file coords.cif (mmCIF, C-alpha atoms)
data_upload
#
loop_
_atom_site.group_PDB
_atom_site.id
_atom_site.type_symbol
_atom_site.label_atom_id
_atom_site.label_comp_id
_atom_site.auth_asym_id
_atom_site.auth_seq_id
_atom_site.Cartn_x
_atom_site.Cartn_y
_atom_site.Cartn_z
ATOM 1 C CA MET A 1 0.000 0.000 0.000
ATOM 2 C CA GLU A 2 2.800 2.367 0.949
ATOM 3 C CA ASN A 3 4.447 1.755 -2.443
ATOM 4 C CA GLN A 4 1.168 2.485 -4.209
ATOM 5 C CA ASN A 5 1.007 5.851 -2.448
ATOM 6 C CA LYS A 6 4.580 6.643 -3.503
ATOM 7 C CA ILE A 7 3.767 5.734 -7.114
ATOM 8 C CA GLN A 8 0.602 7.875 -7.024
ATOM 9 C CA GLU A 9 2.599 10.834 -5.658
ATOM 10 C CA MET A 10 5.221 10.382 -8.374
ATOM 11 C CA LYS A 11 2.535 10.276 -11.073
ATOM 12 C CA GLU A 12 0.775 13.384 -9.750
ATOM 13 C CA LYS A 13 4.041 15.312 -9.532
ATOM 14 C CA ALA A 14 4.988 14.325 -13.111
ATOM 15 C CA LEU A 15 1.610 15.511 -14.418
ATOM 16 C CA LYS A 16 1.883 18.770 -12.444
ATOM 17 C CA ASP A 17 5.418 19.358 -13.797
ATOM 18 C CA ASP A 18 4.305 18.581 -17.393
ATOM 19 C CA VAL A 19 6.597 15.567 -17.623
ATOM 20 C CA PRO A 20 5.239 13.328 -20.402
ATOM 21 C CA ILE A 21 4.454 9.963 -18.806
ATOM 22 C CA ILE A 22 2.583 7.047 -20.327
ATOM 23 C CA GLN A 23 -1.217 7.357 -20.238
ATOM 24 C CA ASP A 24 -3.241 5.004 -18.037
ATOM 25 C CA ASP A 25 -4.852 2.832 -20.731
ATOM 26 C CA ALA A 26 -1.553 2.527 -22.641
ATOM 27 C CA LEU A 27 0.130 1.529 -19.377
ATOM 28 C CA ARG A 28 -2.523 -1.125 -18.721
ATOM 29 C CA PHE A 29 -1.946 -2.536 -22.215
ATOM 30 C CA LEU A 30 1.847 -2.484 -21.711
ATOM 31 C CA LEU A 31 1.775 -4.242 -18.312
ATOM 32 C CA ASN A 32 -0.663 -6.841 -19.590
ATOM 33 C CA TYR A 33 1.558 -7.472 -22.627
ATOM 34 C CA LEU A 34 4.617 -8.005 -20.408
ATOM 35 C CA LYS A 35 2.668 -10.438 -18.257
ATOM 36 C CA GLU A 36 1.151 -12.451 -21.115
ATOM 37 C CA ASN A 37 4.469 -12.734 -22.955
ATOM 38 C CA HIS A 38 6.558 -13.552 -19.857
ATOM 39 C CA VAL A 39 8.911 -10.641 -20.498
ATOM 40 C CA LEU A 40 11.838 -10.428 -18.050
ATOM 41 C CA ARG A 41 14.575 -8.239 -19.566
ATOM 42 C CA ILE A 42 13.530 -4.797 -20.696
ATOM 43 C CA LEU A 43 15.360 -1.905 -22.350
ATOM 44 C CA GLU A 44 13.675 1.502 -22.152
ATOM 45 C CA VAL A 45 14.736 4.483 -24.256
ATOM 46 C CA GLY A 46 13.561 7.601 -22.385
ATOM 47 C CA THR A 47 13.274 7.238 -18.597
ATOM 48 C CA ALA A 48 11.722 10.631 -17.774
ATOM 49 C CA VAL A 49 11.162 10.350 -13.990
ATOM 50 C CA GLY A 50 11.189 6.535 -13.882
ATOM 51 C CA TYR A 51 7.422 6.034 -13.741
ATOM 52 C CA SER A 52 7.072 3.456 -16.542
ATOM 53 C CA ALA A 53 10.246 1.579 -15.498
ATOM 54 C CA ILE A 54 8.890 1.267 -11.943
ATOM 55 C CA MET A 55 5.458 0.186 -13.190
ATOM 56 C CA MET A 56 6.996 -2.444 -15.508
ATOM 57 C CA CYS A 57 8.846 -3.908 -12.505
ATOM 58 C CA SER A 58 5.502 -4.317 -10.713
ATOM 59 C CA VAL A 59 4.428 -7.046 -13.190
ATOM 60 C CA ASN A 60 6.883 -9.688 -12.001
ATOM 61 C CA GLU A 61 9.607 -9.616 -9.348
ATOM 62 C CA ASN A 62 12.085 -11.123 -11.833
ATOM 63 C CA ILE A 63 11.777 -8.273 -14.339
ATOM 64 C CA THR A 64 14.854 -6.075 -14.773
ATOM 65 C CA VAL A 65 14.889 -2.789 -16.672
ATOM 66 C CA THR A 66 17.791 -0.913 -18.257
ATOM 67 C CA THR A 67 16.640 2.625 -18.945
ATOM 68 C CA ILE A 68 18.332 5.562 -20.698
ATOM 69 C CA GLU A 69 17.803 9.281 -19.990
ATOM 70 C CA ARG A 70 19.805 12.251 -21.238
ATOM 71 C CA ASP A 71 18.093 15.060 -19.275
ATOM 72 C CA GLU A 72 19.979 15.539 -15.999
ATOM 73 C CA LYS A 73 17.056 16.918 -13.981
ATOM 74 C CA ARG A 74 14.811 13.998 -14.969
ATOM 75 C CA TYR A 75 17.606 11.480 -14.494
ATOM 76 C CA LEU A 76 18.185 12.688 -10.910
ATOM 77 C CA GLU A 77 14.466 12.619 -10.161
ATOM 78 C CA ALA A 78 14.202 9.091 -11.601
ATOM 79 C CA LEU A 79 17.132 7.969 -9.417
ATOM 80 C CA GLN A 80 15.339 9.325 -6.375
ATOM 81 C CA ASN A 81 12.044 7.635 -7.301
ATOM 82 C CA ILE A 82 13.745 4.293 -7.939
ATOM 83 C CA LYS A 83 15.490 4.526 -4.560
ATOM 84 C CA LYS A 84 12.239 5.382 -2.769
ATOM 85 C CA LEU A 85 10.744 2.151 -4.101
ATOM 86 C CA GLN A 86 13.928 0.164 -3.389
ATOM 87 C CA LEU A 87 14.301 -0.947 -6.988
ATOM 88 C CA GLU A 88 17.996 -0.079 -7.450
ATOM 89 C CA GLU A 89 18.817 -3.776 -7.879
ATOM 90 C CA ARG A 90 16.344 -4.190 -10.724
ATOM 91 C CA ILE A 91 16.429 -0.881 -12.599
ATOM 92 C CA SER A 92 19.742 0.223 -14.148
ATOM 93 C CA LEU A 93 19.658 3.875 -15.059
ATOM 94 C CA ILE A 94 22.025 5.183 -17.749
ATOM 95 C CA PHE A 95 22.593 8.950 -17.879
ATOM 96 C CA LYS A 96 23.605 9.507 -21.498
ATOM 97 C CA ASP A 97 22.302 10.449 -24.895
ATOM 98 C CA ALA A 98 20.803 7.212 -26.243
ATOM 99 C CA PHE A 99 22.913 7.487 -29.407
ATOM 100 C CA ASP A 100 26.101 7.299 -27.304
ATOM 101 C CA VAL A 101 25.037 4.144 -25.461
ATOM 102 C CA THR A 102 26.565 0.732 -26.165
ATOM 103 C CA LEU A 103 25.025 -2.285 -24.462
ATOM 104 C CA GLU A 104 26.365 -5.732 -23.670
ATOM 105 C CA GLU A 105 23.227 -7.823 -23.426
ATOM 106 C CA GLU A 106 20.069 -8.894 -25.219
ATOM 107 C CA TYR A 107 16.534 -7.971 -24.232
ATOM 108 C CA ASP A 108 13.075 -9.548 -24.561
ATOM 109 C CA PHE A 109 11.407 -6.177 -24.925
ATOM 110 C CA ILE A 110 12.377 -2.625 -25.915
ATOM 111 C CA PHE A 111 10.184 0.349 -25.011
ATOM 112 C CA ILE A 112 10.820 3.486 -27.093
ATOM 113 C CA ASP A 113 9.437 6.570 -25.401
ATOM 114 C CA ALA A 114 11.887 9.394 -26.109
ATOM 115 C CA ALA A 115 12.286 12.167 -28.735
ATOM 116 C CA LYS A 116 9.546 11.311 -31.246
ATOM 117 C CA ALA A 117 11.434 12.618 -34.279
ATOM 118 C CA GLN A 118 14.149 10.049 -33.528
ATOM 119 C CA ASN A 119 11.922 6.937 -33.282
ATOM 120 C CA LYS A 120 13.266 5.354 -36.455
ATOM 121 C CA ALA A 121 16.887 6.072 -35.479
ATOM 122 C CA PHE A 122 16.287 4.600 -31.998
ATOM 123 C CA PHE A 123 14.650 1.521 -33.531
ATOM 124 C CA GLU A 124 17.581 0.985 -35.901
ATOM 125 C CA LYS A 125 20.193 1.534 -33.205
ATOM 126 C CA PHE A 126 18.723 -0.728 -30.515
ATOM 127 C CA GLU A 127 16.979 -3.522 -32.428
ATOM 128 C CA LYS A 128 20.259 -5.466 -32.611
ATOM 129 C CA TYR A 129 19.921 -5.970 -28.837
ATOM 130 C CA LEU A 130 16.492 -7.592 -29.197
ATOM 131 C CA LYS A 131 16.119 -11.362 -29.014
ATOM 132 C CA PRO A 132 14.344 -13.189 -31.876
ATOM 133 C CA GLY A 133 10.634 -13.229 -31.034
ATOM 134 C CA GLY A 134 11.100 -10.126 -28.862
ATOM 135 C CA THR A 135 9.050 -6.945 -29.124
ATOM 136 C CA ILE A 136 9.680 -3.241 -29.640
ATOM 137 C CA LEU A 137 6.851 -1.069 -28.364
ATOM 138 C CA THR A 138 6.748 2.591 -29.438
ATOM 139 C CA ASP A 139 4.534 5.108 -27.618
ATOM 140 C CA ASN A 140 2.934 8.357 -28.926
ATOM 141 C CA MET A 141 2.229 7.136 -32.453
ATOM 142 C CA GLN A 142 -0.809 9.453 -32.638
ATOM 143 C CA PHE A 143 1.025 12.430 -31.138
ATOM 144 C CA HIS A 144 -2.026 13.998 -29.436
ATOM 145 C CA GLY A 145 -4.236 13.172 -32.416
ATOM 146 C CA LEU A 146 -2.148 15.290 -34.799
ATOM 147 C CA VAL A 147 -0.995 12.324 -36.906
ATOM 148 C CA ASP A 148 -4.554 11.854 -38.205
ATOM 149 C CA GLN A 149 -5.046 15.542 -38.971
ATOM 150 C CA LYS A 150 -4.518 17.148 -42.359
ATOM 151 C CA GLU A 151 -1.039 18.621 -42.426
ATOM 152 C CA GLU A 152 -2.219 22.133 -43.325
ATOM 153 C CA THR A 153 -4.381 22.287 -40.175
ATOM 154 C CA ILE A 154 -1.328 21.830 -37.900
ATOM 155 C CA PRO A 155 -0.349 25.305 -36.727
ATOM 156 C CA SER A 156 3.446 25.276 -36.440
ATOM 157 C CA ARG A 157 6.113 24.233 -38.897
ATOM 158 C CA ASN A 158 8.028 22.307 -36.222
ATOM 159 C CA LEU A 159 4.953 20.287 -35.324
ATOM 160 C CA ARG A 160 4.259 19.551 -38.993
ATOM 161 C CA GLY A 161 7.834 18.267 -39.343
ATOM 162 C CA LEU A 162 7.455 16.084 -36.257
ATOM 163 C CA VAL A 163 4.148 14.627 -37.424
ATOM 164 C CA ARG A 164 5.704 13.880 -40.830
ATOM 165 C CA LYS A 165 8.518 11.978 -39.079
ATOM 166 C CA ILE A 166 6.024 9.900 -37.078
ATOM 167 C CA LYS A 167 4.090 9.075 -40.261
ATOM 168 C CA GLU A 168 7.322 8.051 -41.994
ATOM 169 C CA TYR A 169 8.191 5.868 -39.008
ATOM 170 C CA LYS A 170 4.786 4.200 -39.240
ATOM 171 C CA VAL A 171 5.395 3.360 -42.915
ATOM 172 C CA PHE A 172 8.883 2.094 -42.017
ATOM 173 C CA LEU A 173 7.370 -0.272 -39.413
ATOM 174 C CA GLU A 174 4.611 -1.483 -41.734
ATOM 175 C CA ASN A 175 7.166 -2.404 -44.394
ATOM 176 C CA HIS A 176 9.958 -3.786 -42.207
ATOM 177 C CA PRO A 177 10.651 -7.365 -43.338
ATOM 178 C CA GLY A 178 12.040 -8.416 -39.946
ATOM 179 C CA TYR A 179 9.011 -7.386 -37.861
ATOM 180 C CA ILE A 180 5.257 -7.791 -37.684
ATOM 181 C CA THR A 181 3.751 -4.546 -36.392
ATOM 182 C CA THR A 182 0.284 -3.969 -34.965
ATOM 183 C CA PHE A 183 -1.004 -0.489 -34.079
ATOM 184 C CA TYR A 184 -3.261 0.107 -31.078
ATOM 185 C CA PRO A 185 -5.281 3.215 -30.168
ATOM 186 C CA TYR A 186 -4.475 3.087 -26.443
ATOM 187 C CA GLY A 187 -3.155 6.238 -24.801
ATOM 188 C CA ASP A 188 -1.467 8.354 -27.431
ATOM 189 C CA GLY A 189 -1.207 5.432 -29.871
ATOM 190 C CA LEU A 190 1.066 2.398 -29.620
ATOM 191 C CA ALA A 191 3.033 0.407 -32.199
ATOM 192 C CA VAL A 192 3.863 -3.161 -31.201
ATOM 193 C CA SER A 193 6.570 -4.628 -33.448
ATOM 194 C CA ARG A 194 7.356 -8.278 -32.948
ATOM 195 C CA LYS A 195 10.680 -9.545 -34.273
ATOM 196 C CA ARG A 196 10.355 -12.548 -36.565
ATOM 197 C CA GLU A 197 12.108 -15.662 -35.319
ATOM 198 C CA GLY A 198 14.992 -17.147 -37.278
#
call {"tool": "encode", "arguments": {"input": "coords.cif", "output": "structure tokens"}}
result
Amino acid sequence: MENQNKIQEMKEKALKDDVPIIQDDALRFLLNYLKENHVLRILEVGTAVGYSAIMMCSVNENITVTTIERDEKRYLEALQNIKKLQLEERISLIFKDAFDVTLEEEYDFIFIDAAKAQNKAFFEKFEKYLKPGGTILTDNMQFHGLVDQKEETIPSRNLRGLVRKIKEYKVFLENHPGYITTFYPYGDGLAVSRKREG
């Protein structure tokens, strides 16, 4: 119960501070997916304040998460949150730009939830660490509903560029010969890409 209160406090603080954390229905889908597919080793690109990493650990006491964050303020807050919940043994936090990270191990599951314009680059960099049959889940595929809007109705040029990148990433996933991707409407839109075996 005490842990639940700590998690609730963390969530409320993140929302108050405008830290983008995974939405409730997307989180439910994610945790259920981990459970049903017996996922144990997770790589997360984009820690923010550690909320999703902590929630993923709640599925099974044998789950371990390696998570990458480049923003110092968020990294320090995530460290604090992980400590509060005594998960230092199970969550390894890397303070670095994801593109500068080299890893030693393989993972069952990769969760991409960082700079949206870089989704494709993150996918291409980290998929070599994914086991055959493993899954890459990408959040924010709808980007607040903007992906389905006509481009000319999107007010700023930067946003239009970002939405274009997300659409290109979607096409990249749909046509990737090594993965089978399914899109779900939960939260801000999820892409679940399962690596073909063999």
call {"tool": "closest_atom_pairs", "arguments": {"input": "coords.cif", "of": "range 69-178 of chain A", "to": "range 44-57 of chain A", "cutoff": "9 Å", "atoms": "only C-alpha atoms", "output": "CSV"}}
result
residue,atom,partner,partner_atom,distance
A:Glu69,CA,A:Gly46,CA,5.2
A:Arg70,CA,A:Gly46,CA,7.9
A:Asp71,CA,A:Ala48,CA,7.9
A:Lys73,CA,A:Val49,CA,8.8
A:Arg74,CA,A:Val49,CA,5.3
A:Tyr75,CA,A:Val49,CA,6.6
A:Leu76,CA,A:Val49,CA,8.0
A:Glu77,CA,A:Val49,CA,5.5
A:Ala78,CA,A:Val49,CA,4.1
A:Leu79,CA,A:Gly50,CA,7.6
A:Gln80,CA,A:Val49,CA,8.7
A:Asn81,CA,A:Gly50,CA,6.7
A:Ile82,CA,A:Gly50,CA,6.8
A:Leu85,CA,A:Ile54,CA,8.1
A:Leu87,CA,A:Ile54,CA,7.7
A:Arg90,CA,A:Cys57,CA,7.7
A:Ile91,CA,A:Ala53,CA,7.3
A:Leu93,CA,A:Thr47,CA,8.0
A:Ala98,CA,A:Val45,CA,6.9
A:Phe109,CA,A:Glu44,CA,8.5
A:Ile110,CA,A:Glu44,CA,5.7
A:Phe111,CA,A:Glu44,CA,4.7
A:Ile112,CA,A:Val45,CA,4.9
A:Asp113,CA,A:Gly46,CA,5.2
A:Ala114,CA,A:Gly46,CA,4.5
A:Ala115,CA,A:Gly46,CA,7.9
A:Phe122,CA,A:Val45,CA,7.9
call {"tool": "resolve_selection", "arguments": {"input": "coords.cif", "expression": "the PyMOL selection byres ((chain A and resi 15-31) around 7)", "output": "list in words"}}
result
Lys11, Glu12, Lys13, Ala14, Asn32, Tyr33, Leu34, Lys35, Ser52, Met56, Val59, Tyr186 and Gly187 of chain A
call {"tool": "resolve_selection", "arguments": {"input": "coords.cif", "expression": "the PyMOL selection byres ((chain A and resi 159) around 12)", "output": "PyMOL selection string"}}
result
chain A and resi 116-117+143-147+149+151-158+160-166
call {"tool": "resolve_selection", "arguments": {"input": "coords.cif", "expression": "the PyMOL selection byres ((chain A and resi 195) around 7)", "output": "PDB file with C-alpha atoms, in the frame of the given file"}}
result
ATOM      1  CA  PRO A 132      14.344 -13.189 -31.876  1.00  0.00           C
ATOM      2  CA  GLY A 133      10.634 -13.229 -31.034  1.00  0.00           C
ATOM      3  CA  GLY A 134      11.100 -10.126 -28.862  1.00  0.00           C
ATOM      4  CA  THR A 135       9.050  -6.945 -29.124  1.00  0.00           C
ATOM      5  CA  GLY A 178      12.040  -8.416 -39.946  1.00  0.00           C
ATOM      6  CA  TYR A 179       9.011  -7.386 -37.861  1.00  0.00           C
ATOM      7  CA  ILE A 180       5.257  -7.791 -37.684  1.00  0.00           C
ATOM      8  CA  SER A 193       6.570  -4.628 -33.448  1.00  0.00           C
ATOM      9  CA  ARG A 194       7.356  -8.278 -32.948  1.00  0.00           C
ATOM     10  CA  ARG A 196      10.355 -12.548 -36.565  1.00  0.00           C
ATOM     11  CA  GLU A 197      12.108 -15.662 -35.319  1.00  0.00           C
TER      12      GLU A 197
END
call {"tool": "residues_near_point", "arguments": {"input": "coords.cif", "point": "(22.3, 3.9, -25.1)", "cutoff": "9 Å", "atoms": "only C-alpha atoms", "output": "list in words"}}
result
Val45, Thr67, Ile68, Glu69, Ile94, Phe95, Lys96, Asp97, Ala98, Phe99, Asp100, Val101, Thr102, Leu103, Lys125 and Phe126 of chain A
call {"tool": "atom_distance", "arguments": {"input": "coords.cif", "atom1": "CA of Ala121 in chain A", "atom2": "CA of Asp188 in chain A"}}
result
20.2 Å
call {"tool": "closest_residue", "arguments": {"input": "coords.cif", "among": "A:Gln118, A:Ser58, A:Pro185, A:Ile42", "to": "Asp148 in chain A", "atoms": "all atoms listed in the file"}}
result
A:Pro185
call {"tool": "atom_distance", "arguments": {"input": "coords.cif", "atom1": "CA of Thr182 in chain A", "atom2": "CA of Lys170 in chain A"}}
result
10.3 Å
call {"tool": "closest_residue", "arguments": {"input": "coords.cif", "among": "A:Leu130, A:Val192, A:Met10, A:Val171", "to": "Asp108 in chain A", "atoms": "all atoms listed in the file"}}
result
A:Leu130
call {"tool": "closest_residue", "arguments": {"input": "coords.cif", "among": "A:Asn175, A:Thr64, A:Gln8, A:Thr181", "to": "Tyr107 in chain A", "atoms": "all atoms listed in the file"}}
result
A:Thr64
call {"tool": "atom_distance", "arguments": {"input": "coords.cif", "atom1": "CA of Ser92 in chain A", "atom2": "CA of Glu104 in chain A"}}
result
13.0 Å
call {"tool": "closest_residue", "arguments": {"input": "coords.cif", "among": "A:Lys128, A:Leu173, A:Glu168, A:Met141", "to": "Leu190 in chain A", "atoms": "only C-alpha atoms"}}
result
A:Met141
call {"tool": "build_atoms", "arguments": {"input": "coords.cif", "residues": "range 44-64 of chain A", "atoms": "N, CA and C atoms", "output": "compact mmCIF listing (two decimals), in the coordinates of the input"}}
result
# COMPACT_ATOMS: atom_id res chain seq x y z
N GLU A 44 14.56 0.35 -21.94
CA GLU A 44 13.68 1.50 -22.15
C GLU A 44 14.51 2.68 -22.63
N VAL A 45 14.06 3.29 -23.73
CA VAL A 45 14.74 4.48 -24.26
C VAL A 45 13.88 5.68 -23.87
N GLY A 46 14.33 6.46 -22.89
CA GLY A 46 13.56 7.60 -22.38
C GLY A 46 12.96 7.28 -21.03
N THR A 47 13.71 7.58 -19.97
CA THR A 47 13.27 7.24 -18.60
C THR A 47 12.25 8.23 -18.07
N ALA A 48 12.43 9.52 -18.43
CA ALA A 48 11.72 10.63 -17.77
C ALA A 48 11.98 10.51 -16.27
N VAL A 49 10.92 10.39 -15.45
CA VAL A 49 11.16 10.35 -13.99
C VAL A 49 11.11 8.93 -13.43
N GLY A 50 11.12 7.93 -14.35
CA GLY A 50 11.19 6.54 -13.88
C GLY A 50 9.84 5.86 -13.69
N TYR A 51 8.76 6.57 -14.01
CA TYR A 51 7.42 6.03 -13.74
C TYR A 51 7.16 4.72 -14.47
N SER A 52 7.39 4.69 -15.79
CA SER A 52 7.07 3.46 -16.54
C SER A 52 8.01 2.32 -16.17
N ALA A 53 9.29 2.63 -15.90
CA ALA A 53 10.25 1.58 -15.50
C ALA A 53 9.78 0.93 -14.19
N ILE A 54 9.37 1.77 -13.25
CA ILE A 54 8.89 1.27 -11.94
C ILE A 54 7.62 0.44 -12.12
N MET A 55 6.71 0.92 -12.96
CA MET A 55 5.46 0.19 -13.19
C MET A 55 5.73 -1.15 -13.88
N MET A 56 6.68 -1.18 -14.82
CA MET A 56 7.00 -2.44 -15.51
C MET A 56 7.54 -3.47 -14.51
N CYS A 57 8.31 -3.00 -13.53
CA CYS A 57 8.85 -3.91 -12.50
C CYS A 57 7.75 -4.51 -11.63
N SER A 58 6.58 -3.83 -11.58
CA SER A 58 5.50 -4.32 -10.71
C SER A 58 4.83 -5.58 -11.28
N VAL A 59 5.10 -5.90 -12.54
CA VAL A 59 4.43 -7.05 -13.19
C VAL A 59 4.95 -8.37 -12.64
N ASN A 60 6.25 -8.42 -12.39
CA ASN A 60 6.88 -9.69 -12.00
C ASN A 60 8.18 -9.35 -11.27
N GLU A 61 8.42 -9.99 -10.14
CA GLU A 61 9.61 -9.62 -9.35
C GLU A 61 10.93 -10.00 -10.02
N ASN A 62 10.85 -10.76 -11.12
CA ASN A 62 12.08 -11.12 -11.83
C ASN A 62 12.40 -10.19 -13.01
N ILE A 63 11.53 -9.22 -13.23
CA ILE A 63 11.78 -8.27 -14.34
C ILE A 63 12.91 -7.33 -13.97
N THR A 64 13.83 -7.11 -14.94
CA THR A 64 14.85 -6.08 -14.77
C THR A 64 14.74 -5.10 -15.94
